[in-house]
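Novice: Quick one: the structure is below, questions incoming.
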Amino acid sequence: MRACVRYALVLFAATPTLLGAQGFAIYEQGTCAMGRAGAGVAAPCSDGSAMFFNPAGLAGLTGGHVTVGATLLDVEGGFTDDVFQQKTELDDPLLAVPQVYISYAATPKLGVGVGLFAPYGLETRWPTTFDGRFAGYKNILHSLYIQPTIAYQLSPDVSLGAGFDVVLGKVELNQRLDLANAPVPVAPGTTFSQFGIEPGTDFANAHLEASKTTVAAHFGAIVKASDKLSFGARFLTQAKLDYSGTATFTQVPTGLIVPATVIVGADTIPAGCPVDNLLSAKVPACNNVGFNVFNTVFRNQPVTTTIKNPSQLALGVAYRVAKGWTLLGDYQRTWWKQFAVLNLSFPQDVSSLLSRTLYENYVNTNGVRFGAEWVKDATWTFRGGYLYHDGAAPAETVTPLLPEGDRNEFTAGTTVKLAAALTADLAYQYIRQNDRRGRTREPLVGAATTGMNNGLYNFHAHLFGVSLSYAF
Amino acid sequence: MTIRRMSLAAGLVLAAVGCHDDQLFPTAVPQYAGGAMFQRYVSFGNSITAGIQSAGLSDSLQLLAYPVLLAQAMRTKFYYPSLKNPGCPPPITVIFTSPPTRLGGASDTSCALRNPAVPPYINNVAFPGADVLELLRTNYAPPQPPAAATDAYKLFLLGGRTELQRAREVLPTFVSVWVGNNDVLGAILDTGDAGQAADITPPDSFTARYNALLDSIDSFGSVRGGVLLGVVQVTGAPYVSQGRAYAAASASIPTMTVLPNCLAFQQLTATDTAFVYVPFHYGAPIVARAAAGVADTLDCADPHVISVPEAVNMISTVAQYNATIQQAATTRNWLFLDPNLLLRTLAQDPAQIRPFPAFPPDPNATAAPFGTAISRDGVHPSTSTQKLIAQALQQAINAFYSSAIPAIP
């Protein structure tokens, strides 16, 4: 049935972030580093998290370290619409981001290790009463990086490191489809809204799940200018994930009844016909008119898309002041411009009516991080930090999937030595995102403009980091 | 810097950046005295409120409906379910043809559908043909009321939902309710037995339904004020002409005979009189035949004609409707506005509301066959009257609520 048309399907409309760095990046990859706002590319923590914060930091360590940790995210936020000033709260559960680092000093100069971390990912959930459900109400993106790493101390002042990343990507998106935007199969050129169906009339649920494995690389260097001053740099390459998976569609009852006999194209639809029947099977109550959309356009079928985890560069400086105090400062740039469009493809949809291009137009972001660390004694170390970064999403792409913006974040943390070989890290981070205007809907065609923005997103989060490190 | 100082500094920065930026929200409160009440205005009603003129409805006409004009004056966002031009159906341009000629030569069932640009919500939830009972229906599942020509509007304008359902989505702060005309109007449009009691909602039923409607509106919990408009005395619509008007016209149409029973009347009050009323759909063909030289007789004992007792029943029923509406307004401390005062004023000028239609070859037969105050269907207000209604509402609302809604543009 060619009938069905360019449904305004907004699949993979974006990949949301509600975590601690720009775009959908996550920077909280180690509890020690989290306590100092992630600063430390010039002097990474010794718990093995250097594999993420600077692979060169593995060189010069002694012995081996195993660190297992997690960052718990208590995310709070919502959307307040312009018209009614009604707020819809995020429905996110307590999220956990895991980290595992195993490092070993093969020689005094050579360090090796393998790390498992998730530098990109997100999970956003909204209630299905929220207008943004048509863009996505439950969206999950996991990018798990497994990174074998090697680092070598070229001289007492210069260390280099590199890692090879195996990236396991998985994406799940759930959204509702709005009957108002759907074309009428037997009346080409018209949508159900032209027959009066109001916006916000759910008639189907779309569930997309896809996965992909790819590779990336990570490089780092540390240069010590003196005993007190060191500089560092790291670069994580882009990971391009060509996702393939399945799109599953299920009908959502509208409960609507056609209140009057109407003639649509060559069909006469009688008064009393349930709209839900009209969309699916042919029944006498609808004069045997049925659009059968769930066996045609909305049958379960493969879907593909490409998402790029962008490359990121961090430059930093560390200065050991005195009496156990160290000050750290990092600058980070992430090339979010690589996340410009999303091409959604449904290879088995011969009509090509489901496929579409979403214009995200992200911009490259800059962030600064400042941290301080005080080694009080052999048992206790304390940390604090502050970071600021701008948002990757431009003003026209602030959506339920990515209600992102400039952020100020504050951190504190501690390390306590529990035993000769066992230490524990605890950290807390508060994220305060500036309120930002955004929209709840995706454009039916073409790129969105700020004219679609219809409310205000707010967001803040409490992050708790905990890890245990064992030295051997 | 000590840890304490760092914490203090961090706290100060946090406080500085943590303020909610209210300026990010566009203002929605009308900026004049009492404007907050009109932040979200919803109009309930039927064809008049929807904007029908000349038995047609289109965006061009919807724009001219009194609630749209009133909302413009209120400076509040107001969306209506825009129907593409030329309309659904297009308006009548000549009523003296059979069937009436519509704009662009369209048929009575022609519908250009809704504009593809869909508003986020609807403020003018009125749909043509609505009586009070239909506003109360929760959906349109069977058993449905008897089919009516205007039923398609339930779909095209409201998407299969009721006025109450659509209004609730808006959480109105102010409402206007003008319903009840269709609880009695059927009696003058009935092409079989005009004026019969079966076409009229009994006053007791009307009262129960109307109060239920208002209770439902109360249940929104958002409404701060409202205006309830009374039901029009439909015997004053120029779609029906007094029998004596036909008698007068027969003087210039020798082939038309008007029997004396068409002159019957009954004085009701000092200002109200019930006459015999001849609906246009019955009287116009007689006039046309006679004017063409074919002798014909108007017998006002015919069931197509509204007799004096039937007229008395209609008039008294409307009076009871309006007592109910006024009581509902009083109970809520809302404004009651009787539109009959305005219409009576207009009726004093025969050019505004003609006592007898302007038949061809009168040049007014095309421009304003029922007078300039009434559109070409003989029932619905013209553009100028829609504006007068809006002006009357604006003035009455300001007087009642001590508000300062600017003048109708």
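Chain labels A, B, ... are given in the sequence in which chains occur in the structure tokens; within each chain residues are numbered consecutively from 1, and ligands are likewise numbered from 1 in the order shown.
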With the cut-off set at 10 Å and counting only C-alpha atoms, tabulate each residue of range 382-418 of chain A with an atom at most that distance from an atom of range 134-144 of chain A, showing the nearest atom pair and its distance in Å to one decimal, ordered by chain and increasing number, as CSV.
Specialist:
residue,atom,partner,partner_atom,distance
A:Thr399,CA,A:Ala135,CA,7.7
A:Pro400,CA,A:Ala135,CA,6.7
A:Leu401,CA,A:Gly136,CA,6.3
A:Leu402,CA,A:Asn139,CA,10.0
Novice: Return the neighbours of chain B among the residues of chain A, cut-off 9 Å, counting only C-alpha atoms, as an NGL selection string.
Specialist: :A and (81-85 or 180 or 190-199 or 255-262 or 271-274 or 384-386 or 408-410 or 432-437 or 455-456 or 458)
Novice: Export, as a short mmCIF file (atom, residue, chain, number, x, y, z; two decimals), in the first residue's frame, the selected residues with N, CA and C atoms.
Specialist:
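Written output follows (out.cif):
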data_model
loop_
_atom_site.label_atom_id
_atom_site.label_comp_id
_atom_site.auth_asym_id
_atom_site.auth_seq_id
_atom_site.Cartn_x
_atom_site.Cartn_y
_atom_site.Cartn_z
N ASP A 81 6.79 24.69 29.85
CA ASP A 81 6.32 25.21 28.56
C ASP A 81 5.92 26.67 28.68
N ASP A 82 6.06 27.36 27.57
CA ASP A 82 5.82 28.80 27.54
C ASP A 82 4.38 29.17 27.88
N VAL A 83 3.46 28.38 27.38
CA VAL A 83 2.06 28.81 27.42
C VAL A 83 1.44 28.62 28.79
N PHE A 84 1.55 27.42 29.29
CA PHE A 84 0.87 27.11 30.54
C PHE A 84 1.81 27.14 31.74
N GLN A 85 3.09 27.31 31.46
CA GLN A 85 4.09 27.32 32.53
C GLN A 85 4.02 26.02 33.34
N ALA A 180 -1.58 13.29 14.19
CA ALA A 180 -1.85 14.58 13.52
C ALA A 180 -0.87 14.83 12.39
N THR A 190 -2.56 15.05 2.08
CA THR A 190 -3.20 15.54 3.29
C THR A 190 -2.69 14.78 4.51
N THR A 191 -2.77 15.42 5.64
CA THR A 191 -2.42 14.76 6.89
C THR A 191 -3.68 14.65 7.75
N PHE A 192 -3.60 13.81 8.76
CA PHE A 192 -4.75 13.64 9.64
C PHE A 192 -5.10 14.95 10.36
N SER A 193 -4.13 15.80 10.54
CA SER A 193 -4.43 17.08 11.21
C SER A 193 -5.41 17.90 10.38
N GLN A 194 -5.40 17.72 9.09
CA GLN A 194 -6.32 18.48 8.25
C GLN A 194 -7.75 17.97 8.38
N PHE A 195 -7.88 16.79 8.97
CA PHE A 195 -9.22 16.29 9.29
C PHE A 195 -9.55 16.59 10.76
N GLY A 196 -8.71 17.38 11.37
CA GLY A 196 -9.01 17.85 12.71
C GLY A 196 -8.29 17.12 13.83
N ILE A 197 -7.59 16.03 13.51
CA ILE A 197 -6.90 15.30 14.57
C ILE A 197 -5.88 16.23 15.21
N GLU A 198 -5.97 16.35 16.51
CA GLU A 198 -5.15 17.35 17.19
C GLU A 198 -3.72 16.85 17.39
N PRO A 199 -2.78 17.77 17.41
CA PRO A 199 -1.40 17.39 17.73
C PRO A 199 -1.35 16.74 19.11
N GLY A 255 -8.50 5.87 20.88
CA GLY A 255 -9.83 5.94 21.50
C GLY A 255 -10.78 6.86 20.77
N LEU A 256 -10.36 7.36 19.61
CA LEU A 256 -11.21 8.31 18.88
C LEU A 256 -12.24 7.58 18.03
N ILE A 257 -13.37 8.21 17.90
CA ILE A 257 -14.44 7.71 17.05
C ILE A 257 -14.70 8.76 15.97
N VAL A 258 -14.85 8.32 14.74
CA VAL A 258 -15.19 9.27 13.68
C VAL A 258 -16.62 9.75 13.94
N PRO A 259 -16.82 11.04 14.20
CA PRO A 259 -18.13 11.50 14.65
C PRO A 259 -19.14 11.73 13.53
N ALA A 260 -18.69 11.72 12.30
CA ALA A 260 -19.61 11.97 11.20
C ALA A 260 -19.14 11.19 9.98
N THR A 261 -20.06 10.85 9.14
CA THR A 261 -19.67 10.19 7.90
C THR A 261 -18.88 11.17 7.04
N VAL A 262 -17.69 10.74 6.67
CA VAL A 262 -16.84 11.61 5.85
C VAL A 262 -16.36 10.82 4.64
N ALA A 271 -19.88 7.38 10.26
CA ALA A 271 -19.89 7.84 11.65
C ALA A 271 -19.87 6.62 12.56
N GLY A 272 -19.12 6.73 13.65
CA GLY A 272 -19.03 5.62 14.59
C GLY A 272 -17.83 4.73 14.35
N CYS A 273 -17.12 4.93 13.27
CA CYS A 273 -15.95 4.11 12.97
C CYS A 273 -14.83 4.44 13.96
N PRO A 274 -14.29 3.45 14.67
CA PRO A 274 -13.16 3.72 15.56
C PRO A 274 -11.90 4.02 14.74
N GLY A 384 39.45 19.27 45.53
CA GLY A 384 38.32 20.12 45.18
C GLY A 384 38.51 20.66 43.77
N GLY A 385 37.44 21.08 43.17
CA GLY A 385 37.59 21.58 41.80
C GLY A 385 36.37 22.31 41.29
N TYR A 386 36.57 22.95 40.19
CA TYR A 386 35.51 23.69 39.50
C TYR A 386 35.76 23.56 38.00
N ASN A 408 28.21 24.95 34.92
CA ASN A 408 29.18 25.17 35.99
C ASN A 408 29.10 23.97 36.91
N GLU A 409 30.25 23.47 37.28
CA GLU A 409 30.26 22.26 38.10
C GLU A 409 31.28 22.41 39.22
N PHE A 410 30.94 21.84 40.36
CA PHE A 410 31.79 21.93 41.55
C PHE A 410 32.01 20.52 42.09
N ARG A 432 25.42 22.28 37.62
CA ARG A 432 24.36 23.27 37.46
C ARG A 432 24.39 23.78 36.03
N GLN A 433 23.38 23.39 35.29
CA GLN A 433 23.31 23.84 33.90
C GLN A 433 22.46 25.09 33.82
N ASN A 434 22.91 26.04 33.07
CA ASN A 434 22.11 27.25 32.89
C ASN A 434 20.79 26.91 32.21
N ASP A 435 19.72 27.52 32.68
CA ASP A 435 18.42 27.30 32.04
C ASP A 435 18.52 27.69 30.57
N ARG A 436 17.83 26.93 29.77
CA ARG A 436 17.99 27.16 28.34
C ARG A 436 16.68 26.92 27.60
N ARG A 437 16.37 27.83 26.68
CA ARG A 437 15.17 27.64 25.87
C ARG A 437 15.37 26.51 24.89
N GLY A 455 9.71 26.48 25.19
CA GLY A 455 9.77 26.41 26.64
C GLY A 455 11.18 26.46 27.15
N LEU A 456 11.31 26.16 28.41
CA LEU A 456 12.60 26.31 29.08
C LEU A 456 12.99 24.99 29.73
N ASN A 458 15.49 23.08 32.32
CA ASN A 458 16.42 23.28 33.43
C ASN A 458 17.00 21.94 33.81
#
Novice: If you count only C-alpha atoms, which residues fall within 7 Å of His207 in chain A, apart from same-chain ones fewer than 3 positions away, as a JSON list (two decimals) with N, CA and C atoms, in the first residue's frame?
Specialist:
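result.json written:
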[["chain", "number", "residue", "atom", "x", "y", "z"],
["A", 173, "LEU", "N", 16.22, 3.78, 21.44],
["A", 173, "LEU", "CA", 15.37, 4.97, 21.41],
["A", 173, "LEU", "C", 13.91, 4.56, 21.39],
["A", 174, "ASN", "N", 13.12, 5.28, 22.14],
["A", 174, "ASN", "CA", 11.68, 5.02, 22.18],
["A", 174, "ASN", "C", 10.95, 6.33, 21.99],
["A", 175, "GLN", "N", 10.01, 6.32, 21.12],
["A", 175, "GLN", "CA", 9.23, 7.54, 20.90],
["A", 175, "GLN", "C", 7.82, 7.19, 20.46],
["A", 247, "ALA", "N", 13.81, -1.75, 14.10],
["A", 247, "ALA", "CA", 12.75, -0.83, 14.50],
["A", 247, "ALA", "C", 11.47, -1.63, 14.71],
["A", 248, "THR", "N", 10.89, -1.45, 15.87],
["A", 248, "THR", "CA", 9.66, -2.17, 16.20],
["A", 248, "THR", "C", 8.55, -1.15, 16.45],
["A", 249, "PHE", "N", 7.43, -1.38, 15.80],
["A", 249, "PHE", "CA", 6.30, -0.46, 15.94],
["A", 249, "PHE", "C", 5.11, -1.18, 16.56]]
Novice: Among range 14-154 of chain A, which ones does DSSP assign to strand (DSSP E or B) (computed from the backbone)? Answer as JSON, numbers by chain.
Specialist: {"A": [25, 64, 65, 66, 67, 68, 69, 70, 71, 72, 73, 74, 75, 76, 77, 78, 79, 80, 81, 87, 88, 89, 95, 96, 97, 98, 99, 100, 101, 102, 103, 104, 105, 110, 111, 112, 113, 114, 115, 116, 117, 118, 119, 120, 121, 122, 123, 124, 125, 138, 139, 140, 141, 142, 143, 144, 145, 146, 147, 148, 149, 150, 151, 152, 153, 154]}
Novice: Separation of CA of Ala249 in chain B and CA of Pro357 in chain B, in Å?
Specialist: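 Taking CA of Ala249 in chain B as the start and CA of Pro357 in chain B as the end point, the length is 10.1 Å.
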Novice: Counting only C-alpha atoms, figure out which residue out of A:Arg125, A:Val445, A:Gln238, A:Ala105 gets nearest to Pro93 in chain A.
Specialist: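 Using only C-alpha atoms, Pro93 in chain A sits closest to A:Arg125.
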Novice: To one decimal in Å, tell me the separation between CA of Phe117 in chain A and CA of Phe53 in chain A.
Specialist: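 CA of Phe117 in chain A sits 11.0 Å away from CA of Phe53 in chain A.
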Novice: So how many Å separate CA of Gly324 in chain A and CA of Trp374 in chain A, to one decimal?
Specialist: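 Those two atoms sit 5.3 Å apart.
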Novice: List the spatial neighbours of Val234 in chain B as a short mmCIF file (atom, residue, chain, number, x, y, z; two decimals) with N, CA and C atoms, in the first residue's frame - criterion: any atom at most 8 Å away, only C-alpha atoms, same-chain residues fewer than 4 positions off excluded.
Specialist:
data_model
loop_
_atom_site.label_atom_id
_atom_site.label_comp_id
_atom_site.auth_asym_id
_atom_site.auth_seq_id
_atom_site.Cartn_x
_atom_site.Cartn_y
_atom_site.Cartn_z
N ASN B 181 -28.67 28.14 21.24
CA ASN B 181 -29.41 28.53 20.03
C ASN B 181 -29.89 27.31 19.25
N VAL B 184 -33.15 25.29 19.93
CA VAL B 184 -34.45 25.79 19.49
C VAL B 184 -34.46 26.11 17.99
N LEU B 185 -33.25 26.30 17.44
CA LEU B 185 -33.18 26.74 16.04
C LEU B 185 -33.77 25.71 15.07
N ILE B 188 -37.16 26.27 13.36
CA ILE B 188 -37.41 27.13 12.19
C ILE B 188 -36.76 26.57 10.93
#
Novice: For Ile353 in chain B, list every protein, DNA or RNA residue within 6 Å, evaluated using only C-alpha atoms, and leave out those in the same chain fewer than 3 positions away; present the list as an MDAnalysis selection string.
Specialist: chainID B and resid 347 350 371 373
Novice: So that I can see what lies close to range 357-370 of chain A, please list as a list of chain:residue names the residues with an atom at most 6 Å from it, counting only C-alpha atoms and leaving out residues fewer than 5 positions away in the same chain.
Specialist: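 After dropping sequence-adjacent residues, the list is A:Ala39, A:Leu328, A:Gly329, A:Asp330, A:Tyr331, A:Gln332, A:Arg333, A:Thr334, A:Trp335, A:Trp336, A:Lys337, A:Phe339, A:Ala340, A:Val341, A:Leu342, A:Asn343, A:Gly385, A:Tyr386, A:Leu387, A:Tyr388, A:His389, A:Asp390, A:Ala392, A:Ala393, A:Pro394, A:Ala447.
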Novice: Take the residues from that selection and write them out as a tab-separated table (two decimals), in the first residue's frame, keeping C-alpha atoms.
Specialist:
chain	number	residue	atom	x	y	z
A	39	ALA	CA	41.68	18.28	35.85
A	328	LEU	CA	45.84	21.70	38.27
A	329	GLY	CA	44.27	23.33	35.26
A	330	ASP	CA	43.00	21.79	32.04
A	331	TYR	CA	41.55	23.06	28.83
A	332	GLN	CA	39.42	20.73	26.76
A	333	ARG	CA	38.10	20.99	23.25
A	334	THR	CA	35.68	18.51	21.79
A	335	TRP	CA	34.91	18.46	18.10
A	336	TRP	CA	31.16	18.19	18.31
A	337	LYS	CA	30.91	19.69	14.89
A	339	PHE	CA	27.92	15.51	14.98
A	340	ALA	CA	26.15	17.57	12.36
A	341	VAL	CA	23.52	15.32	10.82
A	342	LEU	CA	21.89	11.99	11.45
A	343	ASN	CA	20.82	10.04	8.44
A	385	GLY	CA	37.59	21.58	41.80
A	386	TYR	CA	35.51	23.69	39.50
A	387	LEU	CA	34.82	23.40	35.81
A	388	TYR	CA	32.93	25.28	33.20
A	389	HIS	CA	32.10	24.35	29.65
A	390	ASP	CA	29.80	25.58	26.97
A	392	ALA	CA	27.43	21.58	22.08
A	393	ALA	CA	23.83	21.90	21.01
A	394	PRO	CA	23.01	25.12	19.18
A	447	ALA	CA	16.23	21.76	9.78
Novice: Output as a list in words all residues of range 79-231 of chain A that backbone DSSP marks as helix (DSSP H, G or I).
Specialist: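 Selecting the helix (DSSP H, G or I) positions of range 79-231 of chain A gives Asp131, Gly132, Arg133, Phe134, Leu179, Ala180, Asn181, Phe192, Ser193, Gln194 and Phe195 of chain A.
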Novice: Just write the chosen residues, N, CA and C atoms, as a compact mmCIF listing (two decimals), in the first residue's frame.
Specialist:
# COMPACT_ATOMS: atom_id res chain seq x y z
N ASP A 131 5.02 16.33 26.08
CA ASP A 131 4.91 16.62 24.65
C ASP A 131 6.16 16.17 23.90
N GLY A 132 7.26 16.11 24.57
CA GLY A 132 8.50 15.69 23.92
C GLY A 132 8.59 14.20 23.64
N ARG A 133 7.53 13.46 23.99
CA ARG A 133 7.57 12.02 23.75
C ARG A 133 7.67 11.69 22.27
N PHE A 134 7.27 12.63 21.43
CA PHE A 134 7.33 12.38 20.00
C PHE A 134 8.76 12.55 19.46
N LEU A 179 -0.45 11.08 15.37
CA LEU A 179 -1.36 10.88 14.24
C LEU A 179 -1.61 12.18 13.48
N ALA A 180 -1.58 13.29 14.19
CA ALA A 180 -1.85 14.58 13.52
C ALA A 180 -0.87 14.83 12.39
N ASN A 181 0.34 14.37 12.55
CA ASN A 181 1.37 14.62 11.54
C ASN A 181 1.38 13.56 10.44
N PHE A 192 -3.60 13.81 8.76
CA PHE A 192 -4.75 13.64 9.64
C PHE A 192 -5.10 14.95 10.36
N SER A 193 -4.13 15.80 10.54
CA SER A 193 -4.43 17.08 11.21
C SER A 193 -5.41 17.90 10.38
N GLN A 194 -5.40 17.72 9.09
CA GLN A 194 -6.32 18.48 8.25
C GLN A 194 -7.75 17.97 8.38
N PHE A 195 -7.88 16.79 8.97
CA PHE A 195 -9.22 16.29 9.29
C PHE A 195 -9.55 16.59 10.76
Novice: Set the distance at 9 Å and use only C-alpha atoms: which residues neighbour Ala167 in chain B once local chain neighbours fewer than 6 positions away are removed? I'd like the list as a short mmCIF file (atom, residue, chain, number, x, y, z; two decimals) with N, CA and C atoms, in the first residue's frame.
Specialist:
data_model
loop_
_atom_site.label_atom_id
_atom_site.label_comp_id
_atom_site.auth_asym_id
_atom_site.auth_seq_id
_atom_site.Cartn_x
_atom_site.Cartn_y
_atom_site.Cartn_z
N VAL B 42 -11.02 31.02 26.28
CA VAL B 42 -11.64 29.96 25.47
C VAL B 42 -13.09 30.34 25.21
N SER B 43 -13.50 30.16 23.96
CA SER B 43 -14.88 30.46 23.60
C SER B 43 -15.61 29.17 23.26
N PHE B 44 -16.65 28.89 24.01
CA PHE B 44 -17.55 27.77 23.70
C PHE B 44 -18.69 28.31 22.83
N TYR B 121 -2.80 24.47 20.31
CA TYR B 121 -4.04 24.19 21.03
C TYR B 121 -5.12 25.06 20.40
N ILE B 122 -6.35 24.87 20.85
CA ILE B 122 -7.45 25.61 20.25
C ILE B 122 -8.19 26.38 21.33
N ASN B 123 -8.37 27.68 21.08
CA ASN B 123 -9.14 28.51 22.01
C ASN B 123 -10.60 28.62 21.60
N ASN B 124 -10.84 28.71 20.30
CA ASN B 124 -12.23 28.78 19.85
C ASN B 124 -12.68 27.34 19.57
N VAL B 125 -13.30 26.74 20.58
CA VAL B 125 -13.66 25.33 20.48
C VAL B 125 -15.08 25.13 19.93
N ILE B 217 -17.13 23.00 33.29
CA ILE B 217 -16.16 24.10 33.10
C ILE B 217 -15.55 24.48 34.45
N PHE B 220 -12.47 22.58 35.61
CA PHE B 220 -11.14 22.85 35.08
C PHE B 220 -10.23 23.37 36.20
#
Novice: From the list B:Thr383, B:Asn85, B:Ser216, B:Gln266, which residue is nearest Ser110 in chain B when using only C-alpha atoms?
Specialist: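 The answer is B:Asn85, which sits nearest to Ser110 in chain B.
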Novice: Go through A:Gly371, A:Gly40, A:Pro127, A:Pro55 and flag the residue nearest Leu315 in chain A, using only C-alpha atoms for the distances.
Specialist: A:Gly40
